[in-house]
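Structure file entry.pdb (PDB, C-alpha atoms and all ligand atoms) follows.
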ATOM      1  CA  MET A   1     107.255  81.178 123.037  1.00  0.00           C
ATOM      2  CA  GLY A   2     103.867  81.171 121.391  1.00  0.00           C
ATOM      3  CA  ILE A   3     102.758  82.691 118.105  1.00  0.00           C
ATOM      4  CA  LYS A   4     101.582  85.896 119.748  1.00  0.00           C
ATOM      5  CA  GLU A   5     104.882  86.404 121.565  1.00  0.00           C
ATOM      6  CA  ASN A   6     106.856  85.577 118.429  1.00  0.00           C
ATOM      7  CA  LEU A   7     104.932  88.168 116.434  1.00  0.00           C
ATOM      8  CA  LYS A   8     105.574  90.774 119.083  1.00  0.00           C
ATOM      9  CA  ASP A   9     109.259  89.947 119.232  1.00  0.00           C
ATOM     10  CA  ILE A  10     109.601  90.159 115.439  1.00  0.00           C
ATOM     11  CA  LYS A  11     107.779  93.500 115.318  1.00  0.00           C
ATOM     12  CA  ASN A  12     110.153  94.879 117.928  1.00  0.00           C
ATOM     13  CA  LYS A  13     113.123  93.705 115.895  1.00  0.00           C
ATOM     14  CA  ILE A  14     111.675  95.203 112.716  1.00  0.00           C
ATOM     15  CA  ASN A  15     111.112  98.508 114.515  1.00  0.00           C
ATOM     16  CA  ALA A  16     114.698  98.472 115.802  1.00  0.00           C
ATOM     17  CA  ALA A  17     116.040  97.796 112.296  1.00  0.00           C
ATOM     18  CA  GLU A  18     113.851 100.598 110.904  1.00  0.00           C
ATOM     19  CA  LYS A  19     115.350 102.911 113.482  1.00  0.00           C
ATOM     20  CA  ARG A  20     118.939 101.859 112.701  1.00  0.00           C
ATOM     21  CA  ALA A  21     118.313 102.560 109.035  1.00  0.00           C
ATOM     22  CA  GLY A  22     116.699 105.933 109.728  1.00  0.00           C
ATOM     23  CA  ARG A  23     113.365 104.709 108.424  1.00  0.00           C
ATOM     24  CA  LYS A  24     109.889 105.535 109.680  1.00  0.00           C
ATOM     25  CA  THR A  25     108.422 103.245 112.340  1.00  0.00           C
ATOM     26  CA  ASP A  26     105.999 100.690 110.870  1.00  0.00           C
ATOM     27  CA  SER A  27     107.058 101.319 107.288  1.00  0.00           C
ATOM     28  CA  VAL A  28     107.589  97.568 106.855  1.00  0.00           C
ATOM     29  CA  LYS A  29     104.722  95.115 106.432  1.00  0.00           C
ATOM     30  CA  LEU A  30     104.917  91.591 107.764  1.00  0.00           C
ATOM     31  CA  VAL A  31     103.657  88.621 105.749  1.00  0.00           C
ATOM     32  CA  ALA A  32     103.160  85.695 108.123  1.00  0.00           C
ATOM     33  CA  VAL A  33     104.091  82.626 106.081  1.00  0.00           C
ATOM     34  CA  SER A  34     101.775  79.866 107.275  1.00  0.00           C
ATOM     35  CA  LYS A  35     102.685  77.112 104.804  1.00  0.00           C
ATOM     36  CA  TYR A  36     102.697  73.672 106.438  1.00  0.00           C
ATOM     37  CA  HIS A  37     101.073  75.121 109.551  1.00  0.00           C
ATOM     38  CA  THR A  38      97.506  74.591 110.620  1.00  0.00           C
ATOM     39  CA  VAL A  39      94.408  76.744 110.291  1.00  0.00           C
ATOM     40  CA  ASP A  40      94.415  76.934 114.091  1.00  0.00           C
ATOM     41  CA  ASP A  41      97.866  78.491 114.002  1.00  0.00           C
ATOM     42  CA  VAL A  42      96.598  81.061 111.520  1.00  0.00           C
ATOM     43  CA  TYR A  43      93.703  81.889 113.849  1.00  0.00           C
ATOM     44  CA  LYS A  44      96.153  82.374 116.702  1.00  0.00           C
ATOM     45  CA  ALA A  45      98.060  84.875 114.590  1.00  0.00           C
ATOM     46  CA  ILE A  46      94.822  86.640 113.639  1.00  0.00           C
ATOM     47  CA  GLU A  47      93.896  86.928 117.302  1.00  0.00           C
ATOM     48  CA  ALA A  48      97.255  88.571 117.849  1.00  0.00           C
ATOM     49  CA  GLY A  49      96.379  91.157 115.201  1.00  0.00           C
ATOM     50  CA  GLN A  50      98.082  89.643 112.138  1.00  0.00           C
ATOM     51  CA  PHE A  51      95.977  89.820 108.967  1.00  0.00           C
ATOM     52  CA  LEU A  52      98.477  89.414 106.147  1.00  0.00           C
ATOM     53  CA  PHE A  53      99.537  85.850 105.328  1.00  0.00           C
ATOM     54  CA  GLY A  54     101.640  84.011 102.787  1.00  0.00           C
ATOM     55  CA  GLU A  55     101.358  80.493 101.370  1.00  0.00           C
ATOM     56  CA  ASN A  56     103.470  78.669  98.804  1.00  0.00           C
ATOM     57  CA  ARG A  57     101.155  76.149  97.263  1.00  0.00           C
ATOM     58  CA  VAL A  58      97.812  76.899  95.680  1.00  0.00           C
ATOM     59  CA  GLN A  59      96.085  73.745  96.856  1.00  0.00           C
ATOM     60  CA  GLU A  60      97.094  74.194 100.474  1.00  0.00           C
ATOM     61  CA  ALA A  61      96.232  77.891 100.323  1.00  0.00           C
ATOM     62  CA  GLY A  62      92.746  77.098  99.041  1.00  0.00           C
ATOM     63  CA  LYS A  63      92.097  74.427 101.632  1.00  0.00           C
ATOM     64  CA  LYS A  64      93.017  76.741 104.495  1.00  0.00           C
ATOM     65  CA  PHE A  65      92.139  80.224 103.400  1.00  0.00           C
ATOM     66  CA  LEU A  66      88.694  79.758 101.834  1.00  0.00           C
ATOM     67  CA  GLU A  67      87.420  79.145 105.345  1.00  0.00           C
ATOM     68  CA  ILE A  68      89.610  81.765 106.996  1.00  0.00           C
ATOM     69  CA  LYS A  69      88.714  84.506 104.525  1.00  0.00           C
ATOM     70  CA  GLU A  70      85.041  83.680 104.902  1.00  0.00           C
ATOM     71  CA  LYS A  71      85.342  84.432 108.622  1.00  0.00           C
ATOM     72  CA  TYR A  72      87.739  87.359 108.440  1.00  0.00           C
ATOM     73  CA  LYS A  73      87.083  89.659 105.517  1.00  0.00           C
ATOM     74  CA  ASN A  74      90.204  91.699 106.131  1.00  0.00           C
ATOM     75  CA  VAL A  75      92.608  88.777 105.843  1.00  0.00           C
ATOM     76  CA  GLU A  76      94.911  89.201 102.867  1.00  0.00           C
ATOM     77  CA  LEU A  77      96.775  86.326 101.208  1.00  0.00           C
ATOM     78  CA  HIS A  78      99.965  86.474  99.191  1.00  0.00           C
ATOM     79  CA  LEU A  79     101.154  83.503  97.126  1.00  0.00           C
ATOM     80  CA  LEU A  80     104.924  83.062  97.281  1.00  0.00           C
ATOM     81  CA  GLY A  81     105.748  79.809  95.547  1.00  0.00           C
ATOM     82  CA  VAL A  82     106.614  78.927  91.971  1.00  0.00           C
ATOM     83  CA  LEU A  83     103.348  78.851  90.086  1.00  0.00           C
ATOM     84  CA  GLN A  84     102.467  76.294  87.454  1.00  0.00           C
ATOM     85  CA  SER A  85     100.161  77.414  84.671  1.00  0.00           C
ATOM     86  CA  ASN A  86      97.487  74.881  85.490  1.00  0.00           C
ATOM     87  CA  LYS A  87      97.268  76.244  89.058  1.00  0.00           C
ATOM     88  CA  VAL A  88      96.689  79.853  88.061  1.00  0.00           C
ATOM     89  CA  LYS A  89      92.923  79.508  87.819  1.00  0.00           C
ATOM     90  CA  ASN A  90      92.638  78.566  91.489  1.00  0.00           C
ATOM     91  CA  ALA A  91      95.483  80.870  92.498  1.00  0.00           C
ATOM     92  CA  VAL A  92      93.751  84.026  91.332  1.00  0.00           C
ATOM     93  CA  LYS A  93      90.567  82.971  93.116  1.00  0.00           C
ATOM     94  CA  ILE A  94      92.153  82.629  96.543  1.00  0.00           C
ATOM     95  CA  ALA A  95      95.035  85.131  96.462  1.00  0.00           C
ATOM     96  CA  ASP A  96      95.077  88.915  96.743  1.00  0.00           C
ATOM     97  CA  CYS A  97      98.618  89.094  95.470  1.00  0.00           C
ATOM     98  CA  ILE A  98     101.034  86.817  93.615  1.00  0.00           C
ATOM     99  CA  GLU A  99     104.596  87.625  94.692  1.00  0.00           C
ATOM    100  CA  SER A 100     106.334  84.978  92.630  1.00  0.00           C
ATOM    101  CA  VAL A 101     105.756  86.002  89.015  1.00  0.00           C
ATOM    102  CA  ASP A 102     108.824  84.662  87.217  1.00  0.00           C
ATOM    103  CA  ARG A 103     108.000  84.497  83.497  1.00  0.00           C
ATOM    104  CA  ILE A 104     105.872  86.241  80.923  1.00  0.00           C
ATOM    105  CA  GLU A 105     103.849  83.089  80.217  1.00  0.00           C
ATOM    106  CA  ILE A 106     102.530  83.115  83.759  1.00  0.00           C
ATOM    107  CA  LEU A 107     101.413  86.734  83.345  1.00  0.00           C
ATOM    108  CA  GLU A 108      99.513  85.714  80.242  1.00  0.00           C
ATOM    109  CA  GLU A 109      97.736  82.984  82.173  1.00  0.00           C
ATOM    110  CA  ILE A 110      97.032  85.272  85.158  1.00  0.00           C
ATOM    111  CA  GLU A 111      95.528  87.821  82.765  1.00  0.00           C
ATOM    112  CA  LYS A 112      93.360  85.179  81.115  1.00  0.00           C
ATOM    113  CA  GLN A 113      92.029  83.736  84.374  1.00  0.00           C
ATOM    114  CA  CYS A 114      91.488  87.131  86.027  1.00  0.00           C
ATOM    115  CA  ALA A 115      89.603  88.405  82.985  1.00  0.00           C
ATOM    116  CA  LYS A 116      87.243  85.423  83.279  1.00  0.00           C
ATOM    117  CA  ILE A 117      86.268  86.281  86.846  1.00  0.00           C
ATOM    118  CA  ASP A 118      86.593  90.043  86.385  1.00  0.00           C
ATOM    119  CA  LYS A 119      89.233  90.436  89.087  1.00  0.00           C
ATOM    120  CA  LYS A 120      92.330  92.560  89.200  1.00  0.00           C
ATOM    121  CA  ILE A 121      95.257  91.074  91.062  1.00  0.00           C
ATOM    122  CA  LYS A 122      98.428  92.546  92.518  1.00  0.00           C
ATOM    123  CA  VAL A 123     101.703  90.986  91.413  1.00  0.00           C
ATOM    124  CA  PHE A 124     105.363  91.178  92.349  1.00  0.00           C
ATOM    125  CA  PHE A 125     108.127  90.184  89.972  1.00  0.00           C
ATOM    126  CA  GLU A 126     110.596  87.800  91.535  1.00  0.00           C
ATOM    127  CA  LEU A 127     114.270  88.290  90.715  1.00  0.00           C
ATOM    128  CA  HIS A 128     116.692  85.433  91.185  1.00  0.00           C
ATOM    129  CA  THR A 129     119.542  86.874  93.250  1.00  0.00           C
ATOM    130  CA  GLY A 130     120.691  83.951  95.419  1.00  0.00           C
ATOM    131  CA  GLU A 131     122.557  80.976  94.072  1.00  0.00           C
ATOM    132  CA  ASP A 132     120.629  78.336  96.026  1.00  0.00           C
ATOM    133  CA  SER A 133     117.116  79.320  95.167  1.00  0.00           C
ATOM    134  CA  LYS A 134     115.936  78.271  91.748  1.00  0.00           C
ATOM    135  CA  SER A 135     112.984  80.606  91.560  1.00  0.00           C
ATOM    136  CA  GLY A 136     112.625  83.994  89.936  1.00  0.00           C
ATOM    137  CA  TYR A 137     113.589  85.642  86.663  1.00  0.00           C
ATOM    138  CA  LYS A 138     117.138  84.591  85.862  1.00  0.00           C
ATOM    139  CA  THR A 139     118.116  88.021  84.540  1.00  0.00           C
ATOM    140  CA  GLU A 140     117.006  91.609  85.030  1.00  0.00           C
ATOM    141  CA  ASP A 141     116.444  91.917  81.302  1.00  0.00           C
ATOM    142  CA  LEU A 142     113.885  89.127  81.272  1.00  0.00           C
ATOM    143  CA  LEU A 143     112.106  90.714  84.210  1.00  0.00           C
ATOM    144  CA  LEU A 144     112.155  94.116  82.512  1.00  0.00           C
ATOM    145  CA  GLU A 145     110.652  92.582  79.370  1.00  0.00           C
ATOM    146  CA  SER A 146     107.655  91.466  81.413  1.00  0.00           C
ATOM    147  CA  ILE A 147     107.226  94.925  82.889  1.00  0.00           C
ATOM    148  CA  LYS A 148     107.405  96.414  79.430  1.00  0.00           C
ATOM    149  CA  ALA A 149     104.622  94.068  78.371  1.00  0.00           C
ATOM    150  CA  CYS A 150     102.549  95.409  81.273  1.00  0.00           C
ATOM    151  CA  ALA A 151     103.347  98.956  80.211  1.00  0.00           C
ATOM    152  CA  ASP A 152     102.247  98.075  76.677  1.00  0.00           C
ATOM    153  CA  GLY A 153      98.826  97.273  78.096  1.00  0.00           C
ATOM    154  CA  ARG A 154      98.908  93.515  77.530  1.00  0.00           C
ATOM    155  CA  PHE A 155      97.732  92.603  81.046  1.00  0.00           C
ATOM    156  CA  PRO A 156      94.973  94.978  82.124  1.00  0.00           C
ATOM    157  CA  HIS A 157      93.951  92.757  85.073  1.00  0.00           C
ATOM    158  CA  VAL A 158      97.462  92.713  86.502  1.00  0.00           C
ATOM    159  CA  ILE A 159      98.570  95.417  88.950  1.00  0.00           C
ATOM    160  CA  PRO A 160     102.383  95.540  89.193  1.00  0.00           C
ATOM    161  CA  CYS A 161     103.239  96.428  92.803  1.00  0.00           C
ATOM    162  CA  GLY A 162     106.895  95.662  93.244  1.00  0.00           C
ATOM    163  CA  LEU A 163     109.719  93.162  93.349  1.00  0.00           C
ATOM    164  CA  MET A 164     110.503  90.078  95.401  1.00  0.00           C
ATOM    165  CA  THR A 165     113.649  88.078  96.029  1.00  0.00           C
ATOM    166  CA  MET A 166     115.118  85.370  98.226  1.00  0.00           C
ATOM    167  CA  ALA A 167     118.667  85.937  99.414  1.00  0.00           C
ATOM    168  CA  PRO A 168     121.127  83.022  99.372  1.00  0.00           C
ATOM    169  CA  PHE A 169     121.011  80.759 102.425  1.00  0.00           C
ATOM    170  CA  THR A 170     124.335  81.685 103.939  1.00  0.00           C
ATOM    171  CA  ASN A 171     125.907  83.207 107.022  1.00  0.00           C
ATOM    172  CA  ASP A 172     127.871  85.565 104.829  1.00  0.00           C
ATOM    173  CA  GLU A 173     126.120  88.836 105.526  1.00  0.00           C
ATOM    174  CA  LYS A 174     127.779  90.521 102.587  1.00  0.00           C
ATOM    175  CA  LEU A 175     126.234  88.087 100.102  1.00  0.00           C
ATOM    176  CA  ILE A 176     122.832  88.621 101.667  1.00  0.00           C
ATOM    177  CA  ARG A 177     123.175  92.396 101.472  1.00  0.00           C
ATOM    178  CA  ASP A 178     124.351  92.157  97.850  1.00  0.00           C
ATOM    179  CA  SER A 179     121.207  90.266  97.001  1.00  0.00           C
ATOM    180  CA  PHE A 180     118.917  92.821  98.658  1.00  0.00           C
ATOM    181  CA  ARG A 181     120.831  95.711  97.101  1.00  0.00           C
ATOM    182  CA  ALA A 182     120.464  94.197  93.646  1.00  0.00           C
ATOM    183  CA  LEU A 183     116.705  94.230  94.145  1.00  0.00           C
ATOM    184  CA  GLN A 184     116.754  97.805  95.445  1.00  0.00           C
ATOM    185  CA  ASN A 185     118.796  98.955  92.435  1.00  0.00           C
ATOM    186  CA  LEU A 186     116.465  97.287  89.978  1.00  0.00           C
ATOM    187  CA  SER A 187     113.516  98.871  91.752  1.00  0.00           C
ATOM    188  CA  LYS A 188     115.006 102.335  91.273  1.00  0.00           C
ATOM    189  CA  LYS A 189     115.626 101.629  87.598  1.00  0.00           C
ATOM    190  CA  ILE A 190     112.035 100.552  87.102  1.00  0.00           C
ATOM    191  CA  ASP A 191     110.703 103.543  88.995  1.00  0.00           C
ATOM    192  CA  LYS A 192     112.553 105.871  86.640  1.00  0.00           C
ATOM    193  CA  LYS A 193     111.571 104.039  83.494  1.00  0.00           C
ATOM    194  CA  TYR A 194     107.944 103.311  84.341  1.00  0.00           C
ATOM    195  CA  PRO A 195     106.640 106.157  86.497  1.00  0.00           C
ATOM    196  CA  GLN A 196     103.088 105.142  85.558  1.00  0.00           C
ATOM    197  CA  PHE A 197     103.379 102.114  87.868  1.00  0.00           C
ATOM    198  CA  ASP A 198     103.456 102.349  91.627  1.00  0.00           C
ATOM    199  CA  MET A 199     106.001  99.575  92.041  1.00  0.00           C
ATOM    200  CA  LYS A 200     107.635 100.676  95.271  1.00  0.00           C
ATOM    201  CA  GLU A 201     107.159  97.444  97.219  1.00  0.00           C
ATOM    202  CA  LEU A 202     110.296  95.448  97.942  1.00  0.00           C
ATOM    203  CA  SER A 203     109.496  92.029  99.359  1.00  0.00           C
ATOM    204  CA  MET A 204     112.708  90.662 100.836  1.00  0.00           C
ATOM    205  CA  GLY A 205     113.794  89.094 104.088  1.00  0.00           C
ATOM    206  CA  MET A 206     112.798  85.808 105.770  1.00  0.00           C
ATOM    207  CA  SER A 207     113.245  84.395 109.272  1.00  0.00           C
ATOM    208  CA  GLY A 208     117.021  84.322 109.023  1.00  0.00           C
ATOM    209  CA  ASP A 209     117.702  87.645 107.366  1.00  0.00           C
ATOM    210  CA  TYR A 210     114.757  90.017 107.784  1.00  0.00           C
ATOM    211  CA  GLU A 211     116.609  92.523 109.963  1.00  0.00           C
ATOM    212  CA  ILE A 212     119.225  92.932 107.251  1.00  0.00           C
ATOM    213  CA  ALA A 213     116.450  93.240 104.663  1.00  0.00           C
ATOM    214  CA  VAL A 214     114.805  96.053 106.636  1.00  0.00           C
ATOM    215  CA  GLU A 215     118.138  97.852 106.846  1.00  0.00           C
ATOM    216  CA  GLU A 216     118.407  97.489 103.069  1.00  0.00           C
ATOM    217  CA  GLY A 217     114.994  98.952 102.327  1.00  0.00           C
ATOM    218  CA  ALA A 218     112.487  96.077 102.417  1.00  0.00           C
ATOM    219  CA  THR A 219     108.870  97.253 102.556  1.00  0.00           C
ATOM    220  CA  ILE A 220     107.635  93.691 103.113  1.00  0.00           C
ATOM    221  CA  VAL A 221     109.271  90.832 104.990  1.00  0.00           C
ATOM    222  CA  ARG A 222     108.000  87.249 104.691  1.00  0.00           C
ATOM    223  CA  ILE A 223     108.416  85.282 107.885  1.00  0.00           C
ATOM    224  CA  GLY A 224     107.350  81.732 108.649  1.00  0.00           C
ATOM    225  CA  THR A 225     109.602  79.765 110.979  1.00  0.00           C
ATOM    226  CA  ALA A 226     110.236  82.606 113.432  1.00  0.00           C
ATOM    227  CA  ILE A 227     106.467  82.964 113.949  1.00  0.00           C
ATOM    228  CA  PHE A 228     105.084  79.437 113.674  1.00  0.00           C
ATOM    229  CA  GLY A 229     108.126  77.249 114.374  1.00  0.00           C
ATOM    230  CA  GLU A 230     109.846  74.681 112.177  1.00  0.00           C
ATOM    231  CA  ARG A 231     107.856  73.203 109.316  1.00  0.00           C
ATOM    232  CA  VAL A 232     107.384  69.460 109.268  1.00  0.00           C
ATOM    233  CA  TYR A 233     107.609  68.010 105.774  1.00  0.00           C
ATOM    234  CA  SER A 234     106.532  64.526 104.888  1.00  0.00           C
ATOM    235  CA  LYS A 235     109.148  62.146 103.438  1.00  0.00           C
ATOM    236  CA  ASN A 236     108.673  62.808  99.750  1.00  0.00           C
ATOM    237  CA  GLU A 237     108.308  66.547  99.947  1.00  0.00           C
ATOM    238  CA  LYS A 238     110.680  69.398 100.406  1.00  0.00           C
ATOM    239  CA  ALA A 239     110.390  73.146 100.895  1.00  0.00           C
TER     240      ALA A 239
HETATM  241  C1  LIG B   1     108.844  79.673 103.075  1.00  0.00           C
HETATM  242  C2  LIG B   1     109.115  81.004 102.517  1.00  0.00           C
HETATM  243  C3  LIG B   1     109.315  82.108 103.356  1.00  0.00           C
HETATM  244  C4  LIG B   1     109.397  82.002 104.862  1.00  0.00           C
HETATM  245  O1  LIG B   1     110.567  81.346 105.227  1.00  0.00           O
HETATM  246  P1  LIG B   1     111.062  81.241 106.750  1.00  0.00           P
HETATM  247  O2  LIG B   1     112.512  81.010 106.647  1.00  0.00           O
HETATM  248  O3  LIG B   1     110.314  80.125 107.393  1.00  0.00           O
HETATM  249  O4  LIG B   1     110.756  82.561 107.406  1.00  0.00           O
HETATM  250  C5  LIG B   1     109.498  83.350 102.744  1.00  0.00           C
HETATM  251  N1  LIG B   1     109.475  83.499 101.407  1.00  0.00           N
HETATM  252  C6  LIG B   1     109.286  82.474 100.573  1.00  0.00           C
HETATM  253  C7  LIG B   1     109.274  82.712  99.099  1.00  0.00           C
HETATM  254  C8  LIG B   1     109.111  81.193 101.095  1.00  0.00           C
HETATM  255  O5  LIG B   1     108.952  80.174 100.255  1.00  0.00           O
END
If you convert what's in this file into C-alpha cells, what do you get?
Ligand SMILES: *Cc1c(COP(=O)(O)O)cnc(C)c1O
Amino acid sequence: MGIKENLKDIKNKINAAEKRAGRKTDSVKLVAVSKYHTVDDVYKAIEAGQFLFGENRVQEAGKKFLEIKEKYKNVELHLLGVLQSNKVKNAVKIADCIESVDRIEILEEIEKQCAKIDKKIKVFFELHTGEDSKSGYKTEDLLLESIKACADGRFPHVIPCGLMTMAPFTNDEKLIRDSFRALQNLSKKIDKKYPQFDMKELSMGMSGDYEIAVEEGATIVRIGTAIFGERVYSKNEKA
C-alpha cells in the first residue's frame, strides 16, 4: 500500500477506536512522523491531505521542512526527539511545537531563543512512563515543577499545550494502557491545579499502539512506520 492508502487506513482505524470509546469522530489529530523518510514522501502525504508532521532531529527537520513550509504555508511541524540545548536555536525556528520538553533547563533555553526572534512556541511536557524509553521527565513531580515555573511567568514565550509519552515497547496491552492512563491522570491533575493553561492535549500512541491510545483518550497520535514504512538507519545510528 502507498502513503495515501496507509493514511486512509489509519484514519479509519482511529475513527473506529473513537467510536468504541464513545468519543466524537475526528477528535484525534494525526502527526505523520516523517523522520528518516524523504521530502518526496512528505509531499505524497501532503497531496493526500496530511498537513501535520513530526520529526525527531533538528538538523534533519531543518533540511526537509524549510523547503516544504515555504511551499505549503499550512504545514505544521512538531519536534518529538530529545532536544540538546545547543539545538534549541534552530529548533524554535523550524518547529511550531516541541513535544519533547523533558527538563526545566530546556524551557529556559527555549524561552531565551524564542525571545530573540519574538516567537511564541507551543510545548508539550514529556512524561517517562515506559521502561524502555529513556526520554521524558523521570517523575511527575519534576514535570509539575516545570509547569509551576510556567505559571510563575518565567517563560512568556512558551505556550503549554499538553503532555506526551511513549508507552513501553511490549505486547502486554495492560502495560501499554497503564502508561497511557498515567498520562491521562496527570493531565487531569494539571487541569485542576492550573486552570489558566489550556493543556488538554494528550500526545500518545505510535504505529503499534495508537488504537489503544485513542481508546485511552489521546488527542494526538504520532505515527511513522504505519504511514511511510520501515525506517532505514545507517550503521552507526539508531532510532
Ligand atoms: C519515531 C517516533 C514516533 C513514530 O514511531 P512509529 O512506531 O514509526 O509510528 C512517535 N513518537 C516519537 C517520540 C518517535 O520518536
Output of the PyMOL selection byres (((not hetatm)) within 6 of (chain B and resi 1)), listed as a list of chain:residue names: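 This file, filtered by the PyMOL selection byres (((not hetatm)) within 6 of (chain B and resi 1)), leaves A:Val33, A:Asn56, A:Leu80, A:Gly81, A:Met206, A:Ser207, A:Arg222, A:Ile223, A:Gly224, A:Thr225.
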Separation of atom CA of Asn74 of chain A from atom CA of Val214 of chain A, in Å and rounded to one decimal: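 So the two atoms, atom CA of Asn74 of chain A and atom CA of Val214 of chain A, lie 25.0 Å apart.
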All residues 9 Å or closer to Ala16 of chain A, all atoms listed in the file, same chain fewer than 4 positions away omitted, as a short mmCIF file (atom, residue, chain, number, x, y, z; two decimals) with C-alpha atoms, in the frame of the given file:
data_model
loop_
_atom_site.label_atom_id
_atom_site.label_comp_id
_atom_site.auth_asym_id
_atom_site.auth_seq_id
_atom_site.Cartn_x
_atom_site.Cartn_y
_atom_site.Cartn_z
CA LYS A 11 107.78 93.50 115.32
CA ASN A 12 110.15 94.88 117.93
CA ARG A 20 118.94 101.86 112.70
CA ALA A 21 118.31 102.56 109.04
CA THR A 25 108.42 103.24 112.34
CA GLU A 211 116.61 92.52 109.96
#
Expected selection from the PyMOL selection byres (((chain A and resi 53) around 9) and not hetatm), given as a list in words: Leu30, Val31, Ala32, Val33, Ser34, Val42, Gln50, Phe51, Leu52, Gly54, Glu55, Val75, Glu76, Leu77, His78, Leu79 and Arg222 of chain A
Polymer residues at most 10 Å from Cys97 of chain A, all atoms listed in the file, same-chain spacing of 2 or more positions, as a PyMOL selection string: chain A and resi 54+76-80+91-92+94-95+99-100+120-124+158-161
Please produce an output containing C-alpha atoms for each residue in the selection, written as a short mmCIF file (atom, residue, chain, number, x, y, z; two decimals), keeping the file's coordinate frame.
data_model
loop_
_atom_site.label_atom_id
_atom_site.label_comp_id
_atom_site.auth_asym_id
_atom_site.auth_seq_id
_atom_site.Cartn_x
_atom_site.Cartn_y
_atom_site.Cartn_z
CA GLY A 54 101.64 84.01 102.79
CA GLU A 76 94.91 89.20 102.87
CA LEU A 77 96.78 86.33 101.21
CA HIS A 78 99.96 86.47 99.19
CA LEU A 79 101.15 83.50 97.13
CA LEU A 80 104.92 83.06 97.28
CA ALA A 91 95.48 80.87 92.50
CA VAL A 92 93.75 84.03 91.33
CA ILE A 94 92.15 82.63 96.54
CA ALA A 95 95.04 85.13 96.46
CA GLU A 99 104.60 87.62 94.69
CA SER A 100 106.33 84.98 92.63
CA LYS A 120 92.33 92.56 89.20
CA ILE A 121 95.26 91.07 91.06
CA LYS A 122 98.43 92.55 92.52
CA VAL A 123 101.70 90.99 91.41
CA PHE A 124 105.36 91.18 92.35
CA VAL A 158 97.46 92.71 86.50
CA ILE A 159 98.57 95.42 88.95
CA PRO A 160 102.38 95.54 89.19
CA CYS A 161 103.24 96.43 92.80
#
Selection result of the PyMOL selection byres (((chain A and resi 127) around 10) and not hetatm) on this file, as a list in words: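 After applying the PyMOL selection byres (((chain A and resi 127) around 10) and not hetatm), what remains is Ser100, Val101, Asp102, Phe124, Phe125, Glu126, His128, Thr129, Gly130, Ser135, Gly136, Tyr137, Lys138, Thr139, Glu140, Leu142, Leu143, Leu163, Met164, Thr165, Met166, Ser179, Ala182, Leu183 and Leu186 of chain A.
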Expected residue set, 9 Å radius at (93.6, 95.3, 84.5), all atoms listed in the file, as a list in words: Glu111, Cys114, Ala115, Asp118, Lys119, Lys120, Ile121, Gly153, Arg154, Phe155, Pro156, His157, Val158 and Ile159 of chain A
Coordinates-based distance that separates atom CA of Asn86 of chain A from atom CA of Ser146 of chain A (Å, one decimal):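 Between atom CA of Ser146 of chain A and atom CA of Asn86 of chain A the gap works out to 19.9 Å.
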Residue nearest Lys148 of chain A - candidates A:Lys73, A:Lys35, A:Arg103, A:Lys193, atoms counted: all atoms listed in the file: A:Lys193
Computed interatomic separation between atom CA of Asp9 of chain A and atom CA of Lys69 of chain A (Å):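 Here the two named atoms are 25.8 Å from each other.
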Residue nearest Ile220 of chain A - candidates A:Lys8, A:Lys188, A:Asp26, A:Arg57, atoms counted: all atoms listed in the file: A:Asp26
Exercise: Ile190 of chain A partners within 10 Å, all atoms listed in the file, chain neighbours under 6 positions left out, as a PyMOL selection string: chain A and resi 144+147-148+162-163+184+197-200
Using all atoms listed in the file: which of A:Glu230, A:Asp152, A:Glu131, A:Glu5 has the shortest distance to His37 of chain A: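 Looking only at the distances to His37 of chain A, the closest residue turns out to be A:Glu230.
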Close residues, Lys89 of chain A itself excluded, 10 Å, only C-alpha atoms, min 6 positions apart in chain, as a list in words: Val58, Glu109, Ile110, Lys112, Gln113, Cys114, Lys116 and Ile117 of chain A
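Minimum atom-to-atom distances from A:Glu216, A:Asn6, A:Phe65, A:Glu108 to Asp178 of chain A were compared using all atoms listed in the file, and the lowest value belongs to A:Glu216.
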